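*Asks:* Sharing query_29.csv here; it has CSV, C-alpha atoms.
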```csv
chain,number,residue,atom,x,y,z
A,112,MET,CA,18.3,20.6,-2.4
A,113,PRO,CA,14.7,20.2,-3.3
A,114,ALA,CA,12.1,19.7,-0.5
A,115,ALA,CA,12.6,16.4,1.3
A,116,VAL,CA,9.6,14.2,0.5
A,117,THR,CA,9.3,10.6,1.5
A,118,LEU,CA,6.6,7.9,1.6
A,119,SER,CA,5.2,6.9,4.9
A,120,GLU,CA,2.9,4.0,5.7
A,121,SER,CA,0.4,3.5,8.5
A,122,ASN,CA,-0.5,0.1,9.9
A,123,GLY,CA,-2.4,-1.5,12.7
A,124,ALA,CA,-5.2,-0.5,14.9
A,125,GLY,CA,-4.6,3.0,16.2
A,126,GLU,CA,-2.2,3.7,13.4
A,127,THR,CA,1.5,3.0,13.7
A,128,VAL,CA,3.2,5.4,11.2
A,129,THR,CA,6.5,4.3,9.6
A,130,ALA,CA,8.4,7.1,7.9
A,131,SER,CA,10.6,6.6,4.8
A,132,ILE,CA,9.5,3.1,4.1
A,133,THR,CA,11.9,0.9,2.2
A,134,ASN,CA,9.4,-1.1,0.1
A,135,ALA,CA,5.7,-0.9,-0.8
A,136,ASN,CA,5.2,-4.6,-1.2
A,137,MET,CA,1.6,-5.8,-0.9
A,138,GLY,CA,0.6,-9.2,0.6
A,139,ASP,CA,-1.7,-11.1,2.9
A,140,VAL,CA,-0.7,-9.2,6.1
A,141,ASP,CA,-1.1,-5.7,7.4
A,142,ALA,CA,2.6,-4.8,7.8
A,143,VAL,CA,5.1,-2.3,6.6
A,144,ASN,CA,8.1,-3.3,4.4
A,145,LEU,CA,6.5,-6.8,4.2
A,146,ASP,CA,8.0,-9.9,2.5
A,147,PRO,CA,5.4,-10.9,-0.1
A,148,ILE,CA,6.9,-14.4,-0.3
A,149,ALA,CA,6.2,-15.0,3.3
A,150,TYR,CA,2.7,-13.6,3.0
A,151,PRO,CA,1.3,-14.6,-0.5
A,152,VAL,CA,-2.2,-13.8,-1.4
A,153,THR,CA,-4.6,-16.6,-2.1
A,154,PRO,CA,-5.7,-16.3,-5.7
A,155,GLY,CA,-9.0,-14.6,-5.8
A,156,ASN,CA,-8.4,-12.6,-2.7
A,157,ARG,CA,-7.4,-9.0,-2.1
A,158,THR,CA,-4.2,-7.9,-0.6
A,159,TYR,CA,-4.4,-5.9,2.6
A,160,ALA,CA,-4.9,-2.3,1.8
A,161,LYS,CA,-2.0,0.1,2.0
A,162,TYR,CA,-2.5,3.5,3.7
A,163,GLN,CA,0.4,5.6,2.5
A,164,ARG,CA,1.1,9.3,2.5
A,165,LEU,CA,3.8,11.6,1.2
A,166,CYS,CA,5.6,13.4,4.0
A,167,VAL,CA,7.3,16.7,3.5
A,168,SER,CA,10.0,16.8,6.3
A,169,ASN,CA,11.9,19.8,4.9
A,170,MET,CA,10.8,22.5,2.5
A,171,GLY,CA,14.3,23.0,1.2
A,172,GLY,CA,13.8,26.7,0.4
A,173,SER,CA,10.5,26.0,-1.5
A,174,SER,CA,7.2,27.6,-0.7
A,175,ALA,CA,4.8,25.0,-1.8
A,176,ILE,CA,4.3,21.3,-2.8
A,177,LYS,CA,1.2,20.6,-4.8
A,178,ASN,CA,-0.4,18.8,-7.8
A,179,ILE,CA,0.3,15.3,-6.5
A,180,LYS,CA,0.0,12.7,-9.3
A,181,ILE,CA,0.2,9.0,-8.4
A,182,CYS,CA,0.6,6.1,-10.9
A,183,ARG,CA,1.9,2.6,-11.3
A,184,SER,CA,4.2,1.4,-14.1
A,185,SER,CA,4.5,-2.2,-15.3
A,186,ALA,CA,1.7,-4.7,-15.7
A,187,LEU,CA,0.1,-6.7,-12.9
A,188,GLY,CA,0.2,-10.5,-13.0
A,189,GLY,CA,-2.6,-12.5,-14.5
A,190,SER,CA,-6.0,-10.7,-14.4
A,191,ALA,CA,-5.3,-8.8,-11.2
A,192,THR,CA,-6.5,-5.2,-10.8
A,193,HIS,CA,-5.1,-2.4,-8.7
A,194,VAL,CA,-7.6,-0.1,-7.0
A,195,THR,CA,-7.2,3.1,-5.2
A,196,ASN,CA,-8.9,6.2,-3.8
A,197,ALA,CA,-6.7,8.4,-6.0
A,198,ARG,CA,-8.9,10.0,-8.7
A,199,LEU,CA,-9.0,13.0,-11.0
A,200,SER,CA,-12.5,14.2,-10.2
A,201,ALA,CA,-15.2,13.7,-7.6
A,202,TYR,CA,-12.5,13.4,-5.1
A,203,ALA,CA,-14.1,12.4,-1.8
A,204,GLY,CA,-11.8,14.4,0.4
A,205,ALA,CA,-9.2,13.2,2.8
A,206,PRO,CA,-9.9,9.6,3.8
A,207,THR,CA,-9.8,8.7,7.5
A,208,TYR,CA,-7.4,6.1,8.6
A,209,ALA,CA,-8.8,2.7,9.4
A,210,THR,CA,-7.1,-0.5,10.3
A,211,PRO,CA,-6.1,-2.0,6.9
A,212,VAL,CA,-8.3,-4.8,5.7
A,213,LYS,CA,-8.3,-7.2,2.8
A,214,VAL,CA,-11.8,-6.5,1.7
A,215,ALA,CA,-13.2,-3.8,-0.5
A,216,ILE,CA,-12.9,-0.3,1.0
A,217,THR,CA,-15.5,2.3,0.2
A,218,GLY,CA,-14.1,5.0,-2.1
A,219,ALA,CA,-11.0,3.0,-2.9
A,220,ASP,CA,-12.5,1.7,-6.1
A,221,GLN,CA,-10.7,3.6,-8.9
A,222,ALA,CA,-8.2,1.9,-11.2
A,223,MET,CA,-4.7,2.9,-10.4
A,224,PRO,CA,-3.4,5.0,-13.4
A,225,THR,CA,-0.6,3.4,-15.4
A,226,SER,CA,0.8,6.7,-16.6
A,227,VAL,CA,1.2,10.1,-15.0
A,228,PRO,CA,-2.3,11.5,-14.9
A,229,ALA,CA,-3.0,14.9,-16.5
A,230,THR,CA,-4.0,16.5,-13.2
A,231,ALA,CA,-3.6,15.8,-9.5
A,232,ASN,CA,-5.2,12.6,-8.3
A,233,LEU,CA,-4.2,12.7,-4.6
A,234,GLY,CA,-5.3,15.5,-2.4
A,235,ILE,CA,-3.7,17.6,0.2
A,236,GLY,CA,-6.0,18.7,3.1
A,237,GLY,CA,-8.9,17.0,1.4
A,238,SER,CA,-8.6,18.9,-1.9
A,239,LEU,CA,-6.9,18.1,-5.2
A,240,THR,CA,-5.9,21.7,-5.4
A,241,GLY,CA,-4.4,21.8,-1.9
A,242,SER,CA,-0.8,22.5,-1.2
A,243,ILE,CA,1.8,21.9,1.5
A,244,THR,CA,3.5,25.0,2.6
A,245,GLY,CA,5.5,23.9,5.6
A,246,ALA,CA,7.2,20.9,7.2
A,247,THR,CA,6.3,18.5,8.7
A,248,SER,CA,3.2,17.9,6.6
A,249,TYR,CA,1.4,15.1,4.9
A,250,THR,CA,-0.7,14.6,1.8
A,251,ASP,CA,-4.0,12.7,2.1
A,252,TYR,CA,-3.8,9.0,2.5
A,253,LEU,CA,-3.3,7.0,-0.6
A,254,ILE,CA,-5.3,3.9,-0.1
A,255,HIS,CA,-4.6,1.1,-2.6
A,256,GLN,CA,-4.9,-2.7,-2.8
A,257,ILE,CA,-4.6,-5.4,-5.5
A,258,ILE,CA,-7.5,-7.6,-6.3
A,259,THR,CA,-6.2,-10.9,-7.5
A,260,ASN,CA,-8.1,-13.3,-9.8
A,261,ALA,CA,-8.7,-17.0,-8.9
A,262,ALA,CA,-6.8,-18.0,-12.0
A,263,ASP,CA,-3.7,-16.0,-11.1
A,264,VAL,CA,-0.8,-18.3,-10.4
A,265,ALA,CA,2.0,-15.9,-9.5
A,266,GLY,CA,2.7,-12.5,-8.1
A,267,SER,CA,4.1,-9.6,-10.1
A,268,THR,CA,6.4,-6.7,-9.7
A,269,SER,CA,5.4,-3.2,-10.6
A,270,THR,CA,6.4,0.2,-9.3
A,271,LEU,CA,4.7,3.1,-7.7
A,272,ASN,CA,5.6,6.5,-9.1
A,273,VAL,CA,4.8,10.0,-7.9
A,274,GLN,CA,5.0,13.4,-9.6
A,275,TYR,CA,4.4,16.7,-8.0
A,276,ASP,CA,5.1,20.4,-8.4
A,277,GLU,CA,7.5,22.2,-6.2
A,278,ILE,CA,7.3,26.0,-6.1
A,279,ALA,CA,10.7,27.5,-5.1
B,59,MET,CA,29.3,28.9,-1.4
B,60,GLU,CA,26.2,28.6,0.8
B,61,TRP,CA,22.9,30.3,0.3
B,62,LYS,CA,20.6,31.2,3.2
B,63,PHE,CA,16.9,31.5,3.3
B,64,ASN,CA,14.9,33.1,6.2
B,65,ARG,CA,11.7,31.2,6.8
B,66,ASN,CA,9.6,32.8,9.5
B,67,GLY,CA,12.7,34.1,11.3
B,68,ILE,CA,14.6,30.9,11.1
B,69,GLU,CA,17.6,30.8,8.8
B,70,GLU,CA,17.9,27.7,6.6
B,71,THR,CA,20.7,26.7,4.3
B,72,VAL,CA,19.5,26.0,0.7
B,73,GLU,CA,21.5,23.6,-1.5
B,74,PRO,CA,22.1,24.8,-5.1
B,75,GLN,CA,19.9,23.5,-8.0
B,76,MET,CA,21.2,22.4,-11.4
B,77,TRP,CA,19.2,25.3,-12.9
B,78,ARG,CA,18.4,28.6,-11.3
B,79,TRP,CA,16.5,31.6,-12.3
B,80,GLU,CA,17.6,35.2,-12.8
B,81,ALA,CA,15.1,38.0,-13.2
B,82,PHE,CA,16.2,41.1,-15.1
B,83,TYR,CA,14.1,44.3,-14.7
B,84,ASN,CA,13.4,47.2,-17.0
B,85,ASP,CA,15.2,49.6,-14.7
B,86,GLY,CA,18.5,47.8,-15.1
B,87,THR,CA,18.4,46.0,-11.8
B,88,PHE,CA,18.1,42.2,-11.3
B,89,LEU,CA,17.2,39.5,-8.8
B,90,LYS,CA,18.9,36.1,-8.7
B,91,GLN,CA,17.4,33.1,-7.1
B,92,TYR,CA,20.8,32.3,-5.7
B,93,ALA,CA,22.1,35.8,-5.1
B,94,ASP,CA,25.7,36.8,-5.2
B,95,ASP,CA,25.5,37.8,-1.5
B,96,GLY,CA,24.5,34.3,-0.4
B,97,ILE,CA,20.8,35.0,-0.1
B,98,PHE,CA,18.3,32.5,-1.6
B,99,HIS,CA,15.2,34.2,-3.1
B,100,GLN,CA,11.8,32.6,-3.8
B,101,ILE,CA,10.0,33.0,-7.1
B,102,GLY,CA,7.3,35.0,-5.3
B,103,GLU,CA,9.9,37.8,-4.7
B,104,VAL,CA,10.2,38.5,-8.4
B,105,ASP,CA,8.5,41.9,-9.2
B,106,GLN,CA,6.6,40.9,-12.3
B,107,LEU,CA,5.4,44.5,-12.8
B,108,LYS,CA,8.9,45.5,-14.0
B,109,LEU,CA,10.2,42.2,-15.2
B,110,SER,CA,11.9,42.4,-18.6
B,111,VAL,CA,13.7,39.1,-19.1
B,112,PHE,CA,13.5,35.9,-17.1
B,113,LYS,CA,16.5,33.6,-17.5
B,114,MET,CA,17.4,30.1,-16.5
B,115,VAL,CA,21.2,29.5,-16.1
B,116,SER,CA,23.2,26.5,-14.9
B,117,SER,CA,26.6,25.9,-13.5
B,118,GLN,CA,26.8,22.6,-15.4
B,119,PHE,CA,25.5,23.6,-18.8
B,120,SER,CA,26.7,26.4,-21.0
B,121,GLN,CA,23.4,27.3,-22.6
B,122,VAL,CA,21.1,29.9,-21.2
B,123,TYR,CA,17.3,29.9,-21.6
B,124,ALA,CA,15.7,33.3,-21.6
B,125,VAL,CA,12.1,34.5,-22.0
B,126,PRO,CA,11.4,38.2,-22.8
B,127,PHE,CA,8.6,39.3,-20.5
B,128,ASP,CA,5.8,41.8,-21.0
B,129,PRO,CA,4.2,42.5,-17.6
B,130,ASN,CA,1.0,43.7,-19.4
B,131,SER,CA,0.2,40.5,-21.0
B,132,MET,CA,2.2,37.8,-19.2
B,133,LYS,CA,2.1,36.0,-15.8
B,134,LEU,CA,5.3,34.3,-14.9
B,135,VAL,CA,5.4,30.6,-14.4
B,136,HIS,CA,8.2,28.8,-12.6
B,137,LYS,CA,8.3,25.5,-10.8
B,138,TYR,CA,10.2,22.2,-10.4
B,139,ILE,CA,8.4,19.1,-11.6
B,140,GLN,CA,9.6,16.4,-9.3
B,141,THR,CA,9.3,12.8,-10.6
B,142,ARG,CA,9.9,10.1,-8.0
B,143,MET,CA,10.1,6.6,-9.5
B,144,LEU,CA,10.0,3.4,-7.4
B,145,ILE,CA,9.1,5.6,-4.4
B,146,GLY,CA,9.2,3.9,-1.1
B,147,THR,CA,11.9,1.5,-2.1
B,148,ASP,CA,15.7,1.4,-1.8
B,149,GLN,CA,15.9,1.7,-5.6
B,150,GLU,CA,14.0,5.0,-5.7
B,151,SER,CA,15.2,7.6,-8.2
B,152,SER,CA,14.3,11.2,-8.6
B,153,ILE,CA,14.2,13.5,-11.6
B,154,THR,CA,13.9,17.2,-11.4
B,155,SER,CA,12.6,19.1,-14.4
B,156,TYR,CA,12.6,22.9,-14.4
B,157,CYS,CA,9.5,24.3,-15.8
B,158,PHE,CA,9.2,28.0,-16.6
B,159,GLY,CA,7.5,30.4,-19.0
B,160,TYR,CA,4.3,32.4,-18.8
B,161,GLN,CA,0.6,32.5,-19.0
B,162,THR,CA,-1.1,35.0,-21.2
B,163,LYS,CA,-3.3,37.4,-19.5
B,164,ASN,CA,-6.3,39.3,-20.8
B,165,LEU,CA,-7.6,36.4,-22.8
B,166,ARG,CA,-10.7,34.4,-22.3
B,167,GLN,CA,-8.5,31.3,-21.7
B,168,ASN,CA,-5.2,31.1,-20.0
B,169,HIS,CA,-2.7,29.9,-22.5
B,170,GLN,CA,0.6,28.7,-21.2
B,171,HIS,CA,3.9,28.9,-23.0
B,172,LEU,CA,6.4,26.8,-21.2
B,173,LEU,CA,9.9,25.5,-21.5
B,174,ILE,CA,10.7,22.4,-19.5
B,175,ILE,CA,14.4,21.7,-19.0
B,176,ILE,CA,15.1,18.0,-18.7
B,177,PRO,CA,18.1,16.4,-17.0
B,178,ASN,CA,20.3,16.4,-20.1
B,179,GLY,CA,20.0,20.2,-20.3
B,180,GLU,CA,17.7,20.3,-23.3
B,181,ALA,CA,14.5,22.3,-23.1
B,182,ILE,CA,11.1,21.1,-24.4
B,183,ILE,CA,8.8,23.9,-25.6
B,184,CYS,CA,5.2,23.1,-24.9
B,185,GLY,CA,1.9,24.5,-23.7
B,186,ASP,CA,1.2,21.6,-21.4
B,187,GLU,CA,3.5,20.4,-18.7
B,188,ASN,CA,1.8,17.0,-18.7
B,189,ILE,CA,3.9,15.9,-21.6
B,190,ILE,CA,6.5,15.0,-18.9
B,191,ASP,CA,6.1,11.3,-18.2
B,192,PHE,CA,9.3,9.5,-17.3
B,193,LYS,CA,9.2,5.7,-17.2
```
Is it possible to give me this structure as structure tokens?

*Replies:*
Amino acid sequence: MPAAVTLSESNGAGETVTASITNANMGDVDAVNLDPIAYPVTPGNRTYAKYQRLCVSNMGGSSAIKNIKICRSSALGGSATHVTNARLSAYAGAPTYATPVKVAITGADQAMPTSVPATANLGIGGSLTGSITGATSYTDYLIHQIITNAADVAGSTSTLNVQYDEIA
Amino acid sequence: MEWKFNRNGIEETVEPQMWRWEAFYNDGTFLKQYADDGIFHQIGEVDQLKLSVFKMVSSQFSQVYAVPFDPNSMKLVHKYIQTRMLIGTDQESSITSYCFGYQTKNLRQNHQHLLIIIPNGEAIICGDENIIDFK
């Protein structure tokens, strides 16, 4: 069995952490596992930002998890863009959790890659070269949100993918 | 069969992988990741100073991949490349690729020579693991 790695999400003031989320839908509410049909985004607005982390709950015989690469596959609807703090260089360190908002967030201004990046773009312990060596441990926060365009008429479905190295 | 790993004095059970390494030394001895005595070994336990051949074997595929090793000029590379698609959803899927090979030492640049075993058992020979991009 490889290391047990799941995606967790933080929401609300004071941070409520939900482990092993069942969807990463984005919409007009700060909530985990949200229904985007119930909370559609007004065209031209941003979704509420997501604060998500990979959580290693069991190392499974491995000694390290590192080299975290985040990307999205499938196109967004209309002229929407997808921004994030994940980046290949000039990484700003581990972001601090803040109550998710639907306005621009300092540092979360990079375009989400649409293919696996060549090197790590999400840090561990504030560094792109960091590693997790024991459970229970988290990566840095992945902050991301979608910026819709006023001309957009419908939502879209795309997928969040993660690749990482596991040293066994 | 079960394999045990001792992490900081706590014994853990490690599930088998599709591919596992075996290190053969120049003195005729060897070390297996999943040893015959039920002990799980980490890659850091391989004594690269006397490593002669590094093999990847599988209980599900008949082929064996082997790299002759020269401790004087090579540094061993071995890791799993984990790809998690649709992560955070109930349709999430995982792909484990087994990356192994070596980096050349004593050169101005570190050149990697890697084999990446993909789920169908085939191996891709490359110098850059970033060619792995499942969609």

*Asks:* Just how far from atom CA of B:Lys133 is atom CA of B:Thr162, in Å to one decimal?

*Replies:*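 Interatomic distance, atom CA of B:Thr162 to atom CA of B:Lys133: 6.4 Å.
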
*Asks:* Around (22.5, 29.4, -18.6), as given in the file, which residues come within 12 Å? Count only C-alpha atoms and list them as a list in words.

*Replies:*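 Applying the cut-off with only C-alpha atoms, one gets Met76, Trp77, Arg78, Trp79, Glu80, Phe112, Lys113, Met114, Val115, Ser116, Ser117, Gln118, Phe119, Ser120, Gln121, Val122, Tyr123, Ala124, Ile175, Gly179, Glu180 and Ala181 of chain B.
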
*Asks:* Residues of chain B within 7 Å of chain A, counting only C-alpha atoms, what are they? List them as an NGL selection string.

*Replies:* :B and (63 or 72-75 or 100-101 or 137-148 or 188 or 191)

*Asks:* Name the residues in contact with A:Pro211 at a cut-off of 9 Å, using only C-alpha atoms, excluding same-chain residues fewer than 6 positions from it; report them as number ranges by chain.

*Replies:* A: 121-124, 141, 159-162

*Asks:* For a quick check of understanding, using only C-alpha atoms, which of B:Val104, B:Val125, B:Ala93, B:Leu173 has the smallest distance to B:Asp186?

*Replies:* B:Leu173

*Asks:* When you draw a straight line from atom CA of A:Lys177 to atom CA of A:Gly234, how long is it in Å?

*Replies:* 8.6 Å

*Asks:* So which residues touch B:Asp105 within 12 Å, counting all atoms listed in the file, skipping near sequence neighbours fewer than 5 positions away, as a PyMOL selection string?

*Replies:* chain B and resi 80-85+87-90+99-100+110-112+127+129+133-134

*Asks:* Applying 9 Å and all atoms listed in the file, which residues near B:His171 remain after dropping the ones on its own chain fewer than 2 positions away? List them as a PDB file with C-alpha atoms, in the frame of the given file.

*Replies:*
```
ATOM      1  CA  VAL B 135       5.400  30.600 -14.400  1.00  0.00           C
ATOM      2  CA  PHE B 158       9.200  28.000 -16.600  1.00  0.00           C
ATOM      3  CA  GLY B 159       7.500  30.400 -19.000  1.00  0.00           C
ATOM      4  CA  TYR B 160       4.300  32.400 -18.800  1.00  0.00           C
ATOM      5  CA  GLN B 161       0.600  32.500 -19.000  1.00  0.00           C
ATOM      6  CA  THR B 162      -1.100  35.000 -21.200  1.00  0.00           C
ATOM      7  CA  HIS B 169      -2.700  29.900 -22.500  1.00  0.00           C
ATOM      8  CA  LEU B 173       9.900  25.500 -21.500  1.00  0.00           C
ATOM      9  CA  ILE B 183       8.800  23.900 -25.600  1.00  0.00           C
ATOM     10  CA  CYS B 184       5.200  23.100 -24.900  1.00  0.00           C
ATOM     11  CA  GLY B 185       1.900  24.500 -23.700  1.00  0.00           C
ATOM     12  CA  ASP B 186       1.200  21.600 -21.400  1.00  0.00           C
TER      13      ASP B 186
END
```

*Asks:* Because some atoms of stretch 82-105 of chain B are absent here, can you restore N, CA and C atoms and send them as a PDB file, keeping the file's coordinate frame?

*Replies:*
```pdb
ATOM      1  N   PHE B  82      15.605  39.850 -14.710  1.00  0.00           N
ATOM      2  CA  PHE B  82      16.200  41.100 -15.100  1.00  0.00           C
ATOM      3  C   PHE B  82      15.037  42.145 -15.277  1.00  0.00           C
ATOM      4  N   TYR B  83      15.182  43.313 -14.654  1.00  0.00           N
ATOM      5  CA  TYR B  83      14.100  44.300 -14.700  1.00  0.00           C
ATOM      6  C   TYR B  83      14.362  45.405 -15.682  1.00  0.00           C
ATOM      7  N   ASN B  84      13.271  46.106 -15.991  1.00  0.00           N
ATOM      8  CA  ASN B  84      13.400  47.200 -17.000  1.00  0.00           C
ATOM      9  C   ASN B  84      14.056  48.425 -16.506  1.00  0.00           C
ATOM     10  N   ASP B  85      14.440  48.446 -15.222  1.00  0.00           N
ATOM     11  CA  ASP B  85      15.200  49.600 -14.700  1.00  0.00           C
ATOM     12  C   ASP B  85      16.678  49.306 -14.568  1.00  0.00           C
ATOM     13  N   GLY B  86      17.092  48.158 -15.121  1.00  0.00           N
ATOM     14  CA  GLY B  86      18.500  47.800 -15.100  1.00  0.00           C
ATOM     15  C   GLY B  86      18.937  46.990 -13.909  1.00  0.00           C
ATOM     16  N   THR B  87      18.044  46.792 -12.946  1.00  0.00           N
ATOM     17  CA  THR B  87      18.400  46.000 -11.800  1.00  0.00           C
ATOM     18  C   THR B  87      18.012  44.513 -12.071  1.00  0.00           C
ATOM     19  N   PHE B  88      18.361  43.644 -11.149  1.00  0.00           N
ATOM     20  CA  PHE B  88      18.100  42.200 -11.300  1.00  0.00           C
ATOM     21  C   PHE B  88      17.910  41.543  -9.980  1.00  0.00           C
ATOM     22  N   LEU B  89      17.318  40.356  -9.999  1.00  0.00           N
ATOM     23  CA  LEU B  89      17.200  39.500  -8.800  1.00  0.00           C
ATOM     24  C   LEU B  89      17.576  38.101  -9.214  1.00  0.00           C
ATOM     25  N   LYS B  90      18.504  37.507  -8.459  1.00  0.00           N
ATOM     26  CA  LYS B  90      18.900  36.100  -8.700  1.00  0.00           C
ATOM     27  C   LYS B  90      18.355  35.209  -7.662  1.00  0.00           C
ATOM     28  N   GLN B  91      17.879  34.035  -8.080  1.00  0.00           N
ATOM     29  CA  GLN B  91      17.400  33.100  -7.100  1.00  0.00           C
ATOM     30  C   GLN B  91      18.475  32.750  -6.075  1.00  0.00           C
ATOM     31  N   TYR B  92      19.658  32.479  -6.567  1.00  0.00           N
ATOM     32  CA  TYR B  92      20.800  32.300  -5.700  1.00  0.00           C
ATOM     33  C   TYR B  92      21.694  33.526  -5.850  1.00  0.00           C
ATOM     34  N   ALA B  93      21.460  34.495  -4.975  1.00  0.00           N
ATOM     35  CA  ALA B  93      22.100  35.800  -5.100  1.00  0.00           C
ATOM     36  C   ALA B  93      23.578  35.742  -4.803  1.00  0.00           C
ATOM     37  N   ASP B  94      24.296  36.699  -5.366  1.00  0.00           N
ATOM     38  CA  ASP B  94      25.700  36.800  -5.200  1.00  0.00           C
ATOM     39  C   ASP B  94      26.118  37.020  -3.704  1.00  0.00           C
ATOM     40  N   ASP B  95      25.168  37.560  -2.930  1.00  0.00           N
ATOM     41  CA  ASP B  95      25.500  37.800  -1.500  1.00  0.00           C
ATOM     42  C   ASP B  95      25.100  36.668  -0.606  1.00  0.00           C
ATOM     43  N   GLY B  96      24.755  35.509  -1.208  1.00  0.00           N
ATOM     44  CA  GLY B  96      24.500  34.300  -0.400  1.00  0.00           C
ATOM     45  C   GLY B  96      23.041  34.200   0.071  1.00  0.00           C
ATOM     46  N   ILE B  97      22.168  35.066  -0.434  1.00  0.00           N
ATOM     47  CA  ILE B  97      20.800  35.000  -0.100  1.00  0.00           C
ATOM     48  C   ILE B  97      19.978  34.219  -1.110  1.00  0.00           C
ATOM     49  N   PHE B  98      19.139  33.282  -0.665  1.00  0.00           N
ATOM     50  CA  PHE B  98      18.300  32.500  -1.600  1.00  0.00           C
ATOM     51  C   PHE B  98      16.932  33.261  -1.668  1.00  0.00           C
ATOM     52  N   HIS B  99      16.475  33.468  -2.895  1.00  0.00           N
ATOM     53  CA  HIS B  99      15.200  34.200  -3.100  1.00  0.00           C
ATOM     54  C   HIS B  99      14.174  33.198  -3.708  1.00  0.00           C
ATOM     55  N   GLN B 100      12.923  33.347  -3.271  1.00  0.00           N
ATOM     56  CA  GLN B 100      11.800  32.600  -3.800  1.00  0.00           C
ATOM     57  C   GLN B 100      11.220  33.263  -5.022  1.00  0.00           C
ATOM     58  N   ILE B 101      10.545  32.483  -5.857  1.00  0.00           N
ATOM     59  CA  ILE B 101      10.000  33.000  -7.100  1.00  0.00           C
ATOM     60  C   ILE B 101       8.949  34.123  -6.790  1.00  0.00           C
ATOM     61  N   GLY B 102       8.302  34.021  -5.641  1.00  0.00           N
ATOM     62  CA  GLY B 102       7.300  35.000  -5.300  1.00  0.00           C
ATOM     63  C   GLY B 102       7.899  36.397  -5.031  1.00  0.00           C
ATOM     64  N   GLU B 103       9.216  36.462  -4.912  1.00  0.00           N
ATOM     65  CA  GLU B 103       9.900  37.800  -4.700  1.00  0.00           C
ATOM     66  C   GLU B 103      10.119  38.515  -5.989  1.00  0.00           C
ATOM     67  N   VAL B 104       9.949  37.847  -7.113  1.00  0.00           N
ATOM     68  CA  VAL B 104      10.200  38.500  -8.400  1.00  0.00           C
ATOM     69  C   VAL B 104       9.073  39.573  -8.612  1.00  0.00           C
ATOM     70  N   ASP B 105       9.485  40.786  -8.900  1.00  0.00           N
ATOM     71  CA  ASP B 105       8.500  41.900  -9.200  1.00  0.00           C
ATOM     72  C   ASP B 105       8.141  41.795 -10.648  1.00  0.00           C
TER      73      ASP B 105
END
```
